[in-house]
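Engineer: One structure, pasted below without further comment.
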Amino acid sequence: MGQSKYYFALVIAAAAASSRATAFTSGRLPSTHQAQNNKHVSTLFTEESSSPSSSYSGPTATKPIEEGSHDELMYALGVNLARQLGDVRPLIENSEELTQLARGLLDTVVGKFDDEAQMSLLARRGDDLNKIIVDRANAIRQKIEDAGKAMLKEMSENEETATLDCGVVIHPLDAGPDGFGNGVKPTAASTVKVHYHGTLPDGTVFDSSLGKDPVTFPLGGVIAGWREGLQRMCEGETAMLGIPSEMGYGEAGTPDGRI
C-alpha cells in the first residue's frame, strides 16, 4: 500500500508495566506539514539500526588537557574503555562505594592487582558480588515498573482519556481540522507521517522527532502500543499515549539497552 496523506502530530507518554519500561511524556508539537521523508531511526520502531550521536564537550579532569595532545589521546582511551564497561552508577548507592569501585578498576588496570590475586578475590567474594548485582538490578527494575504503573493509573483516571483493551491509554491534546474524533483514521496497513516525543517514566527523553522533519513509516513496523494508539487518532490530531511495557519493548528492552 502506498503512503497515505495522513499527517499525525503525536506526543507519546508510556509507562513500565514489567521489569523493562517504555514511557513517554507530553509536550506541545510544532506545526509542521512538510511532505518530506525522514531518515531518522527511532527506538519506537520494532527494529533499530542506529542511535543518536552525542556531542563531545571535552575532558573534565582537574588538570587541563590540551586538544590534540598525547594526554588527550590517553584520556580518549580511558573514555573508550569506560563506554565499553557501561554506566555502573545505578548499581552504586553512595560515594564510598563508587570510590572502592574506582580503586578496584585502577589497581587492576595498572597491574597492582595481578591475575592470581584477582581470581582469588573473585572466587572468595563472587557469590556475594552476584547477589548484590542481582538485588540492586531487581530494585531498579521494580522502581521503574512502579513508576510506570503509577503513571498509567494517573492517566486513566483523567476523564478526558480512554483506555483500550490492550492497556494503552490515550489522552487527546489537540483536535484535527475536523474536530476531535472526526476525520480520516489510518489502518494497520497504512503508512503515516508523525511527530513524536518519547520518554521514560522519570521524564528521560529516549527519542524524539521534535526540531526535525516529521517521520514517515508503515504502522506495521512500529511497537504494538504505538500502532494501536495511532489507529484511534484522526488526521491532524495530537495525543499522549500511555503504553504498557508488554505493548512496547517488554522484558528484553531495546537492542541498545536504552530501554
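By order of appearance in the C-alpha cells: chains A, B, ..., then residues from 1 within every chain, and ligands from 1 in the order shown.
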At a cut-off of 10 Å, using only C-alpha atoms, what residues contact Thr163 of chain A? Leave out same-chain residues fewer than 6 positions from it and give the result as an MDAnalysis selection string.
Structural biologist: chainID A and resid 152 155:157 169:171 229 241:242
Engineer: For the strand (DSSP E) assignment from backbone DSSP, which residues of segment 63-235 of chain A qualify? Please present them as a list in words.
Structural biologist: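 Written out, the strand (DSSP E) residues of segment 63-235 of chain A are Ala162, Thr163, Val169, Ile170, His171, Pro172, Leu173, Asp174, Thr191, Val192, Lys193, Val194, His195, His197, Gly198, Thr199, Val205, Phe206, Asp207, Ser208, Val215, Thr216, Phe217 and Pro218 of chain A.
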Engineer: Pick out the closest residue to Pro172 of chain A from this set: A:Lys63, A:Arg103, A:Arg232, A:Lys143. Count only C-alpha atoms.
Structural biologist: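 Checking each candidate against Pro172 of chain A, we get A:Arg232 as the closest.
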Engineer: Just asking: which residues within segment 171-244 of chain A are helix (DSSP H, G or I) according to DSSP, as a PDB file with N, CA and C atoms, in the first residue's frame?
Structural biologist:
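The new file part_3.pdb reads:
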```pdb
ATOM      1  N   LEU A 219       2.673   1.580   9.665  1.00  0.00           N
ATOM      2  CA  LEU A 219       2.278   1.231  11.026  1.00  0.00           C
ATOM      3  C   LEU A 219       2.676  -0.195  11.399  1.00  0.00           C
ATOM      4  N   GLY A 220       2.806  -1.058  10.394  1.00  0.00           N
ATOM      5  CA  GLY A 220       3.193  -2.434  10.683  1.00  0.00           C
ATOM      6  C   GLY A 220       4.609  -2.571  11.187  1.00  0.00           C
ATOM      7  N   GLY A 221       5.412  -1.479  11.138  1.00  0.00           N
ATOM      8  CA  GLY A 221       6.807  -1.576  11.533  1.00  0.00           C
ATOM      9  C   GLY A 221       7.137  -0.946  12.863  1.00  0.00           C
ATOM     10  N   ALA A 224       3.736  -2.281  19.150  1.00  0.00           N
ATOM     11  CA  ALA A 224       2.293  -2.528  19.134  1.00  0.00           C
ATOM     12  C   ALA A 224       1.491  -1.404  19.773  1.00  0.00           C
ATOM     13  N   GLY A 225       1.985  -0.844  20.879  1.00  0.00           N
ATOM     14  CA  GLY A 225       1.245   0.204  21.565  1.00  0.00           C
ATOM     15  C   GLY A 225       1.081   1.448  20.718  1.00  0.00           C
ATOM     16  N   TRP A 226       2.126   1.798  19.989  1.00  0.00           N
ATOM     17  CA  TRP A 226       2.051   2.956  19.105  1.00  0.00           C
ATOM     18  C   TRP A 226       1.106   2.678  17.937  1.00  0.00           C
ATOM     19  N   ARG A 227       1.191   1.467  17.406  1.00  0.00           N
ATOM     20  CA  ARG A 227       0.326   1.094  16.284  1.00  0.00           C
ATOM     21  C   ARG A 227      -1.146   1.152  16.679  1.00  0.00           C
ATOM     22  N   GLU A 228      -1.476   0.606  17.857  1.00  0.00           N
ATOM     23  CA  GLU A 228      -2.869   0.607  18.317  1.00  0.00           C
ATOM     24  C   GLU A 228      -3.357   2.028  18.596  1.00  0.00           C
ATOM     25  N   GLY A 229      -2.510   2.843  19.214  1.00  0.00           N
ATOM     26  CA  GLY A 229      -2.912   4.198  19.547  1.00  0.00           C
ATOM     27  C   GLY A 229      -3.147   5.061  18.325  1.00  0.00           C
ATOM     28  N   LEU A 230      -2.254   4.953  17.338  1.00  0.00           N
ATOM     29  CA  LEU A 230      -2.379   5.771  16.136  1.00  0.00           C
ATOM     30  C   LEU A 230      -3.656   5.463  15.354  1.00  0.00           C
TER      31      LEU A 230
END
```
Engineer: Would you write out, as CSV, a table of all residues in segment 89-183 of chain A that have an atom no more than 12 Å from an atom of segment 190-212 of chain A, listing for each the closest atom pair and the distance in Å to one decimal, considering only C-alpha atoms and ordering rows by chain and rising residue number?
Structural biologist:
```
residue,atom,partner,partner_atom,distance
A:Arg141,CA,A:Pro201,CA,11.9
A:Lys143,CA,A:Pro201,CA,10.0
A:Ile144,CA,A:Pro201,CA,7.1
A:Glu145,CA,A:Pro201,CA,8.9
A:Asp146,CA,A:Pro201,CA,9.4
A:Ala147,CA,A:Pro201,CA,6.0
A:Gly148,CA,A:Pro201,CA,5.6
A:Lys149,CA,A:Pro201,CA,9.2
A:Ala150,CA,A:Pro201,CA,9.1
A:Met151,CA,A:Pro201,CA,7.2
A:Leu152,CA,A:Pro201,CA,9.7
```
Engineer: Within 12 Å of segment 118-130 of chain A, counting only C-alpha atoms, which residues qualify if same-chain residues fewer than 3 places away don't, as a PyMOL selection string?
Structural biologist: chain A and resi 91+104-105+107-109+111-115+133-137
Engineer: Between A:Cys166, A:Met240, A:Met233, A:Ala189, single out the one closest to Pro218 of chain A, counting only C-alpha atoms.
Structural biologist: A:Ala189
Engineer: Which polymer residues have any atom within 8 Å of an atom of Leu173 of chain A, counting only C-alpha atoms, with same-chain residues fewer than 3 positions away left out, as a compact mmCIF listing (two decimals) with C-alpha atoms, in the first residue's frame?
Structural biologist:
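part20.txt was written with the following content:
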```
# COMPACT_ATOMS: atom_id res chain seq x y z
CA GLU A 237 -4.70 15.33 15.97
CA THR A 238 -2.17 15.45 18.79
CA ALA A 239 -2.43 12.93 21.62
CA MET A 240 -0.47 11.49 24.51
```
Engineer: Figure out the distance between atom CA of Ile132 of chain A and atom CA of Pro90 of chain A, please, to one decimal in Å.
Structural biologist: 12.2 Å
Engineer: List as a count of residues only the protein and nucleic acid residues near Tyr75 of chain A, meaning an atom at most 9 Å away when only C-alpha atoms are counted, but skip any in the same chain fewer than 4 places from it.
Structural biologist: 6
Engineer: For Ile140 of chain A, which residue out of A:Leu106, A:Ala175, A:Arg89, A:Asn94 is the nearest one, using only C-alpha atoms?
Structural biologist: A:Arg89
